[in-house]
Amino acid sequence: MASALTQTPRTRGKVDAVIVGLGWSGSLMAEELTRAGLNVVAIERGKWRDTATDFPPAVDMDELRWATRRGMMQPQAVETVTFRNTPEQTALPVREWNCFQFGWNVGGAGTHWAGMTWRFTPWDFEVASRVKRRYGMDGLDPGLLLQDWGIGYDELEPFYDRFEKIAGTSGKAGNLKGQTVPGGNPFEGPRQSDYPTPPLKDTRWMGLFRQTTEAMGYTPFTIPAGNISTEWTNPLGVRMGPCTYCGYCEMFGCGNWSKSSPQACILPALTRRSKFEILSEAEVARVNLADDGKTATGVTFVDANGQLWEQPADIVVISAYQIDNIRLMLLSGIGKVYDPATGKGTIGRNYAYQTISGANLFFENERFNPFIGGGALGLQIDEWNGDNFDHSGLGFIGGAGILVNSTNGRPIGLSDQVPEGTPAWGSEWKRALKHSYQNGTAIFNQGTSFAHRKVFADLDPTYKDRHGQPLLRVTFDYNENDRRMAKFTMDKAVEIGRKAGAKTIQAFNSAEGHNTPYDQRSTHTTGGVVIGADRETSALNRYSQSWDCHNVFVLGASSFPNNAGYNPTATVGALALHSARAIIERYLDKREGLVAA
Amino acid sequence: MQNFTKFGRREMLAGGTLGLAATAASAALINGESASTTQLSSDALPDTTPDLTGAPYLSHAEAGLVGAVFDRLIPQDDLSIGAVEAGCVDFLQRQLAGDWGHAATRYRAGPFRPGTPEQGDQSPLTPRERYRTGLKAMALAVSKATAKAFGDLSADEQDDFLRAMEAGHHGDTLKSVFALMLQNVREGYFADPLYGGNKDMAGWALVGFPGARYDYRQEIDRPGADLGLAPVSLMGRTRVPGQAGGAA
C-alpha cells in the first residue's frame with residue numbers, strides 16, 4: 001500500500017494553535033484558547049459524534065453493538081500497540097479488543113468513559129519526597145522510579161474545581177477548606193467548594209456495602225460521578241440533565257446529556273466560536289520542527305480522503321490518547337528516547353497502569369437488580385488508599401481505593417459471572433447464571449501503579465500502522481511493590497465480603513501473574529511523557545510544556561509520573577486547564593520555556 | 001438539548017458547510033454539528049442485516065453441526081428454550097456475513113508469530129475462517145473418536161466430546177472453535193432480538209434482565225424489590241408473560 005505520507009502535502013493557513021486530538025484535554029484547551037482570542041484548529045482522527053444524532057435512546061441500549069463489539073472505540077486495524085512483559089521478549093501486536101480503549105470520535109475516550117471523577121490526594125503528587133521523609137527507601141523495590149510532579153495538589157485545586165463545575169460532577173465533599181465534612185471522603189485534599197451536584201443514590205448492593213463497612217469502622221462515601229444526579233448548567237452555559245440509572249454508560253455514549261463528556265459539557269459552546277474549527281476524520285502523523293529542532297512549526301496530517309496536509313501553527317498541543325501522545329513525541333523526534341539500560345532519556349519513561357485486586361462475591365437470597373446502574377455509580381472506602389495508612393515494615397508504598405460499582409446488568413458481559421467450578425454451559429450453567437444474576441457482585445480495589453526502570457514504551461521495530469508508521473511498543477509487567485500492595489488490599493476486600501454475608505468469596509489479583517492487555521479490569525494506562533521539576537527525568541515542565549520544544553504542550557494521562565488509586569480523568573482535566581492558563585497568562589508574551597532548565 | 005441562546009448567533013456552523021471549509025481541505029474533511037439538526041447520522045442505526053441475499057456463509061451441514069453444539073451449550077430445559085429455537089444459528093450467520101465475520105476491526109498485519117499467553121491470539125484467521133477450519137476439524141475428530149457424526153451421538157456423548165474440546169484434549173483448533181461457539185451462542189441468546197437471536201427475549205427472561213429500558217429513577221428507590229419488569233427490545237416490543245421461551 002502506498003503510504004499517504006509520501007505525498008507532497010498541501011498547506012493550510014497558519015493558526016495560533018493546533019490541537020491534536022479532541023477529547024477532554026483538547027476541548028478544555030480549545031475552550032480556554034479561543035476565549036482568549038486565539039485562532040484554534042483541532043484535528044481529530046475519529047468522526048463527529050453527538051448525542052441526538054449518534055447515540056440517542058433509540059440506539060444506545062445495545063450491548064452487542066457498543067460493549068461486546070466496542071462500536072465507539074478505535075479498531076486495532078487502525079492502530080494498536082505491540083506488547084511484551086520484559087525487554088528480553090519480542091513484542092507482538094495486540095490484535096483484538098483489549099484494555100486500551102482509544103476513543104474513535106470527537107470527544108475521544110471522554111465520550112465512552114464510565115464517569116468516575118476523582119481528585120488525586122496531595123500525597124500522589126509528591127510520592128518521592130513524602131516516602132523518603134516518612135519511611136525511607138529501605139525494603140522497597142530498588143527499580144522503582146519515584147519522583148514528584150513539580151506541581152502540588154494545592155496549586156491544582158482551583159483547576160479541579162473548574163473541571164468539576166464544567167462536568168457537573170455529583171458528589172459530597174469530605175474536606176471543605178480543611179474542615180472534615182460528614183458523608184464525604186475524609187482523606188481527600190482540602191476543597192474550596194462542594195461538588196456542583198449532590199451524590200447519586202444507593203443501589204441495594206451499595207446500601208449493603210455502606211452498612212457493612214460503617215459497622216467495620218470505615219468511612220464509606222459515594223464516588224464522585226460524571227453521571228450527574230440532577231440538572232446542571234455549567235459555567236459555559238451548557239445545560240445537562242439528570243442520570244436515569246439506565247446501565248448503558250461505560251463503553252456507550254449517553255443519550256440523556258447526563259454523562260459528563262466534551263459533547264455534553266464543552267462542544268456546544270466551543271463550536272459556536274468563529275475562531276474555532278474542527279477537522280475530524282483527520283489523523284496527525286507528526287509534529288514538524290524548525291531547523292533549530294527546538295520549535296514546532298505545525299503538524300502534518302492525512303484527511304479522510306487520504307490527502308496529506310500541513311497545518312502550520314505557533315503552538316502545538318498534543319492531546320491524543322496517552323499511548324498516542326507518547327507515539328507522536330517519538331515519531332516527531334521531540335525529546336530524548338528513554339533507554340532502560342542507562343536510565344537516560346524521558347520519552348517513554350514512567351509508563352504505568354493501575355493495579356487491580358478484589359473479590360467476587362456470591363450471596364444466597366439477594367436481589368441486587370444489577371440493571372439499575374451507572375458507570376460511576378458506587379461507593380468507596382479510602383482507608384487503604386495512597387498513604388492513608390502506616391506502611392512501616394510492609395515493603396511497599398501506595399494502596400487502593402476499595403470500591404463497589406453498580407454499573408450494569410447487561411447479560412452478555414455477565415454470562416461468566418458464576419461461581420468458580422460451575423460449568424460454562426449447559427443447564428447447570430443456566431441455573432447458576434439465573435441465580436448469580438441477582439446474587440453475584442464484586443468488591444474492586446483500584447490500586448496505585450508506580451513507574452519502574454524496566455517498564456517503558458518506545459517504537460516497535462517491526463509492526464506498522466495503516467500509514468506505514470511504527471506502532472508503539474509497550475514493555476510492561478507489574479513490579480514487586482505493586483504486587484505486594486495488590487495482595488495486601490485483596491485481603492481487605494475478602495474481609496469486607498465476608499462481613500457483608502457473601503456465601504461464596506473468590507479473591508482475584510491481576511498482579512499475581514504477568515500482565516496481559518486482555519485483562520480488562522482497568523483501561524488506565526498512564527505516563528510516558530510526564531511532567532516534573534527535573535528535565536533529566538521528565539519530558540514536560542509543570543505547565544505541561546516540552547522541555548525540548550517550547551511551543552509544544554502535551555496533555556493527558558501521559559503526564560502522570562505515577563498513577564494513583566483513582567480514575568485519571570479529573571486530573572487530566574485539571575492539568576489541561578492549568579496548562580491553558582499558563583499559555584494565556586505567561587507564554588504568549590514570552591514564547592520561551594516557562595521554567596528555567 | 002442544551003441551551004445555546006447564551007452564545008448569540010451561530011457564528012460558525014451551518015449544516016454541512018462549515019467554518020473555513022472554503023479555505024483548503026476537501027469538504028469531507030470538515031464536520032460539525034448544527035444545533036438544529038437532530039437527524040440521525042447515516043451510520044447511527046445498527047447494521048443488523050448484513051447482506052443475506054446470497055447464500056449464508058455456513059453451509060447447511062456446517063450450520064447443522066453448529067446448531068447441534070449450540071443446543072448443548074444452551075439446551076432447552078425447564079428454565080427456557082434452547083439456543084437454536086432462540087435463533088442463535090441465524091444470529092451467527094448474520095454476524096459472519098457482517099464486519100465481525102470478516103475481522104474488520106482486528107489488526108491483521110504480519111509477520112505472524114506465536115507469542116506468550118499474555119500476548120494473546122496471534123492467528124491470521126478471521127472468524128469466518130476459524131469456523132470453516134474448526135468445524136471441519138471437529139467433524140473429522142468426532143468421526144475418528146466415535147465413528148459417528150456429532151448429531152447422531154446421544155446428548156451425554158455430545159457433552160463428553162464438547163468437554164474434551166473445551167479442555168483442549170482435541171488440540172488447539174478445536175479448543176479455539178469451541179471458545180468461539182460458546183462466545184457466539186451467548187451473544188445470540190442475550191443480544192437484542194433485532195440481531196436475530198434471543199427470540200421473544202427468552203434470554204433476558206431467563207436471568208430477569210429488563211432489556212432496552214432507559215430510566216430506573218423510580219426503581220432505584222426500591223432497593224432489593226422484585227420489580228416485575230417485563231423485558232423490552234429496541235424493536236419496541238415488550239415480552240408477553242408466558243410467551244414461548246419459558247417462565248417469564
# chains A, B, ... in the order shown; residues from 1 in each chain; ligands from 1
call {"tool": "residues_around", "arguments": {"residues": "Phe112 in chain B", "least_positions_apart": "4", "cutoff": "9 Å", "atoms": "only C-alpha atoms", "output": "list in words"}}
result
Leu92 of chain A; Arg108, Gln122, Ser123 and Pro124 of chain B
call {"tool": "write_last_selection", "arguments": {"atoms": "N, CA and C atoms", "output": "compact mmCIF listing (two decimals), in the first residue's frame"}}
result
# COMPACT_ATOMS: atom_id res chain seq x y z
N LEU A 92 4.67 -8.40 20.35
CA LEU A 92 3.75 -8.77 19.29
C LEU A 92 2.52 -7.87 19.35
N ARG B 108 -4.49 -7.05 11.44
CA ARG B 108 -4.23 -8.27 10.67
C ARG B 108 -2.92 -8.23 9.90
N GLN B 122 -2.59 -14.70 18.14
CA GLN B 122 -1.82 -14.10 17.03
C GLN B 122 -2.24 -14.68 15.69
N SER B 123 -3.34 -15.40 15.66
CA SER B 123 -3.76 -16.07 14.43
C SER B 123 -4.10 -15.06 13.33
N PRO B 124 -3.77 -15.42 12.08
CA PRO B 124 -4.16 -14.55 10.96
C PRO B 124 -5.61 -14.77 10.51
call {"tool": "select_by_dssp", "arguments": {"residues": "range 201-236 of chain A", "states": "strand (DSSP E or B)", "output": "number ranges by chain"}}
result
A: 221-222, 225, 227, 232-233
call {"tool": "write_last_selection", "arguments": {"atoms": "N, CA and C atoms", "output": "PDB file, in the first residue's frame"}}
result
ATOM      1  N   PHE A 221     -18.145   6.393  51.249  1.00  0.00           N
ATOM      2  CA  PHE A 221     -18.718   7.611  50.660  1.00  0.00           C
ATOM      3  C   PHE A 221     -19.076   7.332  49.208  1.00  0.00           C
ATOM      4  N   THR A 222     -19.998   8.118  48.685  1.00  0.00           N
ATOM      5  CA  THR A 222     -20.433   7.941  47.294  1.00  0.00           C
ATOM      6  C   THR A 222     -19.356   8.460  46.348  1.00  0.00           C
ATOM      7  N   ALA A 225     -19.144  11.416  40.666  1.00  0.00           N
ATOM      8  CA  ALA A 225     -19.596  10.835  39.408  1.00  0.00           C
ATOM      9  C   ALA A 225     -19.851  11.874  38.330  1.00  0.00           C
ATOM     10  N   ASN A 227     -21.870  10.928  36.053  1.00  0.00           N
ATOM     11  CA  ASN A 227     -23.242  10.596  35.648  1.00  0.00           C
ATOM     12  C   ASN A 227     -24.049  11.417  36.634  1.00  0.00           C
ATOM     13  N   TRP A 232     -28.053  20.507  35.628  1.00  0.00           N
ATOM     14  CA  TRP A 232     -26.930  21.391  35.931  1.00  0.00           C
ATOM     15  C   TRP A 232     -26.639  22.265  34.726  1.00  0.00           C
ATOM     16  N   THR A 233     -26.452  23.532  34.956  1.00  0.00           N
ATOM     17  CA  THR A 233     -25.987  24.416  33.888  1.00  0.00           C
ATOM     18  C   THR A 233     -24.565  24.820  34.228  1.00  0.00           C
TER      19      THR A 233
END
call {"tool": "residues_around", "arguments": {"residues": "range 342-351 of chain A", "least_positions_apart": "4", "cutoff": "6 Å", "atoms": "only C-alpha atoms", "output": "JSON list (two decimals) with N, CA and C atoms, in the first residue's frame"}}
result
[["chain", "number", "residue", "atom", "x", "y", "z"],
["A", 336, "LYS", "N", 14.30, 13.16, 24.25],
["A", 336, "LYS", "CA", 15.22, 12.02, 24.13],
["A", 336, "LYS", "C", 14.50, 10.74, 24.55],
["A", 337, "VAL", "N", 14.67, 9.71, 23.74],
["A", 337, "VAL", "CA", 14.00, 8.43, 23.99],
["A", 337, "VAL", "C", 14.59, 7.78, 25.24],
["A", 338, "TYR", "N", 13.72, 7.25, 26.10],
["A", 338, "TYR", "CA", 14.18, 6.59, 27.31],
["A", 338, "TYR", "C", 14.92, 5.30, 26.97],
["A", 451, "ALA", "N", 6.05, 3.74, 38.53],
["A", 451, "ALA", "CA", 6.97, 3.54, 37.41],
["A", 451, "ALA", "C", 8.15, 2.69, 37.86],
["A", 456, "PHE", "N", 8.54, 0.57, 30.08],
["A", 456, "PHE", "CA", 8.67, 1.75, 29.22],
["A", 456, "PHE", "C", 7.92, 1.54, 27.91],
["A", 457, "ALA", "N", 7.87, 2.58, 27.10],
["A", 457, "ALA", "CA", 7.27, 2.49, 25.77],
["A", 457, "ALA", "C", 8.24, 3.09, 24.76],
["A", 458, "ASP", "N", 8.35, 2.45, 23.60],
["A", 458, "ASP", "CA", 9.16, 3.01, 22.50],
["A", 458, "ASP", "C", 8.53, 2.57, 21.18],
["A", 526, "THR", "N", -0.96, 5.00, 31.93],
["A", 526, "THR", "CA", -0.50, 6.37, 32.23],
["A", 526, "THR", "C", 1.00, 6.52, 31.92],
["A", 527, "GLY", "N", 1.44, 7.77, 31.93],
["A", 527, "GLY", "CA", 2.86, 8.08, 31.86],
["A", 527, "GLY", "C", 3.42, 8.01, 30.45],
["A", 528, "GLY", "N", 4.73, 8.17, 30.37],
["A", 528, "GLY", "CA", 5.40, 8.11, 29.08],
["A", 528, "GLY", "C", 5.87, 9.47, 28.57],
["A", 529, "VAL", "N", 5.12, 10.52, 28.94],
["A", 529, "VAL", "CA", 5.53, 11.90, 28.60],
["A", 529, "VAL", "C", 5.19, 12.73, 29.84],
["A", 537, "THR", "N", 14.49, 13.75, 34.19],
["A", 537, "THR", "CA", 13.57, 12.66, 34.50],
["A", 537, "THR", "C", 12.14, 12.94, 34.04],
["A", 538, "SER", "N", 11.93, 14.07, 33.40],
["A", 538, "SER", "CA", 10.58, 14.37, 32.91],
["A", 538, "SER", "C", 10.66, 14.97, 31.51],
["A", 539, "ALA", "N", 9.61, 14.76, 30.71],
["A", 539, "ALA", "CA", 9.58, 15.28, 29.35],
["A", 539, "ALA", "C", 9.02, 16.69, 29.30],
["A", 561, "PRO", "N", 3.59, 11.05, 36.45],
["A", 561, "PRO", "CA", 4.80, 10.29, 36.80],
["A", 561, "PRO", "C", 4.49, 8.98, 37.52]]
call {"tool": "residues_around", "arguments": {"residues": "range 421-425 of chain A", "least_positions_apart": "2", "cutoff": "9 Å", "atoms": "only C-alpha atoms", "output": "list in words"}}
result
Ser415, Asp416, Val418, Pro419, Ser427, Glu428, Trp429, Lys430 and Ala432 of chain A; Arg72, Leu73, Ile74, Pro75 and Leu182 of chain B
call {"tool": "residues_around", "arguments": {"residues": "range 206-214 of chain B", "least_positions_apart": "2", "cutoff": "9 Å", "atoms": "only C-alpha atoms", "output": "ChimeraX atom specification"}}
result
/A:57-58,60-62,244-248,369-371,409-411,430,433-438 /B:79-80,192,201-204,216,228-234,236,245-248
call {"tool": "residues_around", "arguments": {"residues": "Phe70 in chain B", "least_positions_apart": "2", "cutoff": "10 Å", "atoms": "only C-alpha atoms", "output": "list in words"}}
result
Trp425 and Gly426 of chain A; Gly64, Leu65, Val66, Gly67, Ala68, Arg72, Leu73, Ile74, Pro75, Gly82, Ala83, Val84, Cys88, Val89, Met181, Leu182, Asn184, Val185 and Arg186 of chain B
call {"tool": "write_last_selection", "arguments": {"atoms": "N, CA and C atoms", "output": "JSON list (two decimals), in the first residue's frame"}}
result
[["chain", "number", "residue", "atom", "x", "y", "z"],
["A", 425, "TRP", "N", -21.41, -23.86, 30.47],
["A", 425, "TRP", "CA", -22.52, -24.06, 29.54],
["A", 425, "TRP", "C", -23.40, -25.19, 30.06],
["A", 426, "GLY", "N", -24.53, -25.40, 29.38],
["A", 426, "GLY", "CA", -25.45, -26.47, 29.77],
["A", 426, "GLY", "C", -26.44, -25.99, 30.83],
["B", 64, "GLY", "N", -25.83, -27.14, 10.59],
["B", 64, "GLY", "CA", -26.42, -28.22, 11.37],
["B", 64, "GLY", "C", -25.52, -28.63, 12.53],
["B", 65, "LEU", "N", -24.23, -28.71, 12.27],
["B", 65, "LEU", "CA", -23.29, -29.05, 13.33],
["B", 65, "LEU", "C", -23.26, -27.96, 14.40],
["B", 66, "VAL", "N", -23.21, -26.70, 13.96],
["B", 66, "VAL", "CA", -23.23, -25.59, 14.92],
["B", 66, "VAL", "C", -24.50, -25.65, 15.77],
["B", 67, "GLY", "N", -25.64, -25.91, 15.12],
["B", 67, "GLY", "CA", -26.90, -25.97, 15.86],
["B", 67, "GLY", "C", -26.89, -27.07, 16.91],
["B", 68, "ALA", "N", -26.35, -28.23, 16.53],
["B", 68, "ALA", "CA", -26.29, -29.35, 17.49],
["B", 68, "ALA", "C", -25.43, -28.98, 18.69],
["B", 72, "ARG", "N", -26.51, -27.91, 22.92],
["B", 72, "ARG", "CA", -25.93, -28.48, 24.15],
["B", 72, "ARG", "C", -25.37, -27.35, 25.04],
["B", 73, "LEU", "N", -24.87, -26.30, 24.41],
["B", 73, "LEU", "CA", -24.30, -25.20, 25.20],
["B", 73, "LEU", "C", -25.41, -24.45, 25.95],
["B", 74, "ILE", "N", -26.51, -24.18, 25.24],
["B", 74, "ILE", "CA", -27.69, -23.59, 25.89],
["B", 74, "ILE", "C", -28.88, -24.48, 25.54],
["B", 75, "PRO", "N", -29.08, -25.55, 26.33],
["B", 75, "PRO", "CA", -30.13, -26.51, 25.98],
["B", 75, "PRO", "C", -31.51, -26.03, 26.40],
["B", 82, "GLY", "N", -34.16, -23.62, 24.00],
["B", 82, "GLY", "CA", -32.78, -23.86, 23.60],
["B", 82, "GLY", "C", -32.27, -22.83, 22.61],
["B", 83, "ALA", "N", -30.98, -22.91, 22.35],
["B", 83, "ALA", "CA", -30.30, -21.89, 21.54],
["B", 83, "ALA", "C", -30.81, -21.84, 20.11],
["B", 84, "VAL", "N", -31.07, -23.00, 19.50],
["B", 84, "VAL", "CA", -31.49, -22.98, 18.10],
["B", 84, "VAL", "C", -32.87, -22.36, 17.97],
["B", 88, "CYS", "N", -30.16, -18.60, 17.60],
["B", 88, "CYS", "CA", -28.72, -18.33, 17.71],
["B", 88, "CYS", "C", -27.93, -18.70, 16.44],
["B", 89, "VAL", "N", -28.41, -19.69, 15.67],
["B", 89, "VAL", "CA", -27.69, -20.01, 14.44],
["B", 89, "VAL", "C", -27.92, -18.91, 13.39],
["B", 181, "MET", "N", -17.61, -20.70, 19.56],
["B", 181, "MET", "CA", -19.03, -21.07, 19.57],
["B", 181, "MET", "C", -19.68, -20.70, 20.90],
["B", 182, "LEU", "N", -18.96, -20.89, 21.99],
["B", 182, "LEU", "CA", -19.53, -20.53, 23.29],
["B", 182, "LEU", "C", -19.77, -19.02, 23.36],
["B", 184, "ASN", "N", -20.28, -16.98, 20.82],
["B", 184, "ASN", "CA", -21.35, -16.56, 19.90],
["B", 184, "ASN", "C", -22.73, -17.03, 20.35],
["B", 185, "VAL", "N", -22.81, -18.20, 20.96],
["B", 185, "VAL", "CA", -24.13, -18.66, 21.37],
["B", 185, "VAL", "C", -24.66, -17.80, 22.53],
["B", 186, "ARG", "N", -23.75, -17.37, 23.39],
["B", 186, "ARG", "CA", -24.17, -16.46, 24.47],
["B", 186, "ARG", "C", -24.59, -15.11, 23.89]]
call {"tool": "select_by_dssp", "arguments": {"residues": "range 354-505 of chain A", "states": "alpha helix (DSSP H)", "output": "MDAnalysis selection string"}}
result
chainID A and resid 411:414 426:439 480:500
call {"tool": "interface_residues", "arguments": {"of": "chain A", "to": "chain B", "cutoff": "6 Å", "atoms": "only C-alpha atoms", "output": "MDAnalysis selection string"}}
result
chainID A and resid 52:54 61 64 75:77 95:96 203:204 238:239 244:246 272 274 279:280 304 367:368 412 425:426 434 516
call {"tool": "residues_around", "arguments": {"residues": "range 249-256 of chain A", "least_positions_apart": "6", "cutoff": "7 Å", "atoms": "only C-alpha atoms", "output": "compact mmCIF listing (two decimals) with N, CA and C atoms, in the first residue's frame"}}
result
# COMPACT_ATOMS: atom_id res chain seq x y z
N THR A 51 -24.91 13.63 20.70
CA THR A 51 -25.93 12.91 21.48
C THR A 51 -27.15 12.56 20.64
N ALA A 52 -27.79 13.55 20.08
CA ALA A 52 -29.05 13.30 19.40
C ALA A 52 -28.87 12.55 18.10
N PHE A 55 -26.13 8.68 19.43
CA PHE A 55 -26.43 7.70 20.47
C PHE A 55 -27.61 8.10 21.34
N PRO A 56 -28.73 8.44 20.67
CA PRO A 56 -29.96 8.70 21.44
C PRO A 56 -30.49 7.38 22.00
N PRO A 57 -31.47 7.44 22.92
CA PRO A 57 -32.01 6.21 23.50
C PRO A 57 -32.50 5.19 22.48
N ASP A 60 -29.00 3.50 21.79
CA ASP A 60 -27.94 3.41 22.80
C ASP A 60 -27.94 2.10 23.58
N TRP A 66 -22.29 -1.93 21.26
CA TRP A 66 -21.39 -0.96 21.89
C TRP A 66 -20.41 -1.60 22.87
N ALA A 67 -20.87 -2.62 23.64
CA ALA A 67 -19.98 -3.21 24.65
C ALA A 67 -19.23 -4.41 24.08
N ARG A 70 -17.69 -3.18 20.77
CA ARG A 70 -16.96 -1.92 21.00
C ARG A 70 -17.17 -0.88 19.90
N THR A 111 -16.08 10.33 25.68
CA THR A 111 -17.47 10.06 25.30
C THR A 111 -17.93 8.70 25.83
N HIS A 112 -17.04 7.71 25.80
CA HIS A 112 -17.46 6.36 26.22
C HIS A 112 -16.99 6.01 27.63
N TRP A 113 -16.35 6.94 28.33
CA TRP A 113 -15.82 6.61 29.67
C TRP A 113 -16.97 6.35 30.65
N ALA A 114 -16.59 5.83 31.85
CA ALA A 114 -17.59 5.48 32.86
C ALA A 114 -18.06 6.70 33.64
N GLY A 241 -28.68 17.09 31.93
CA GLY A 241 -29.87 16.51 32.55
C GLY A 241 -29.50 15.44 33.56
N GLY A 374 -24.99 2.84 36.74
CA GLY A 374 -24.32 3.97 36.10
C GLY A 374 -22.83 3.67 36.12
N GLY A 375 -22.10 4.21 35.15
CA GLY A 375 -20.67 3.91 35.05
C GLY A 375 -19.91 4.27 36.31
call {"tool": "atom_distance", "arguments": {"atom1": "CA of Ala167 in chain A", "atom2": "CA of Ile228 in chain A"}}
result
8.6 Å
call {"tool": "decode", "arguments": {"residues": "range 226-237 of chain B", "atoms": "N, CA and C atoms", "output": "CSV table (one decimal), in the first residue's frame"}}
result
chain,number,residue,atom,x,y,z
B,226,ASP,N,-38.6,-6.9,44.1
B,226,ASP,CA,-38.9,-7.6,42.9
B,226,ASP,C,-39.7,-6.7,42.0
B,227,LEU,N,-39.1,-6.1,41.0
B,227,LEU,CA,-39.7,-5.0,40.2
B,227,LEU,C,-40.7,-5.5,39.2
B,228,GLY,N,-40.6,-6.8,38.9
B,228,GLY,CA,-41.5,-7.4,37.9
B,228,GLY,C,-41.6,-6.7,36.6
B,229,LEU,N,-40.4,-6.3,36.1
B,229,LEU,CA,-40.4,-5.6,34.8
B,229,LEU,C,-40.2,-6.5,33.6
B,230,ALA,N,-41.2,-6.5,32.7
B,230,ALA,CA,-41.1,-7.3,31.5
B,230,ALA,C,-40.0,-6.7,30.6
B,231,PRO,N,-39.2,-7.6,30.0
B,231,PRO,CA,-38.2,-7.0,29.1
B,231,PRO,C,-38.7,-6.3,27.9
B,232,VAL,N,-37.9,-5.3,27.4
B,232,VAL,CA,-38.3,-4.5,26.2
B,232,VAL,C,-37.2,-4.6,25.2
B,233,SER,N,-37.5,-4.7,24.0
B,233,SER,CA,-36.5,-4.8,22.9
B,233,SER,C,-36.3,-3.4,22.2
B,234,LEU,N,-35.2,-3.2,21.6
B,234,LEU,CA,-35.0,-2.0,20.8
B,234,LEU,C,-36.0,-1.9,19.6
B,235,MET,N,-36.6,-3.1,19.3
B,235,MET,CA,-37.6,-3.1,18.2
B,235,MET,C,-38.9,-2.6,18.8
B,236,GLY,N,-38.9,-2.2,20.1
B,236,GLY,CA,-40.1,-1.5,20.6
B,236,GLY,C,-41.2,-2.5,21.1
B,237,ARG,N,-40.8,-3.8,21.3
B,237,ARG,CA,-41.7,-4.8,21.7
B,237,ARG,C,-41.5,-5.2,23.2
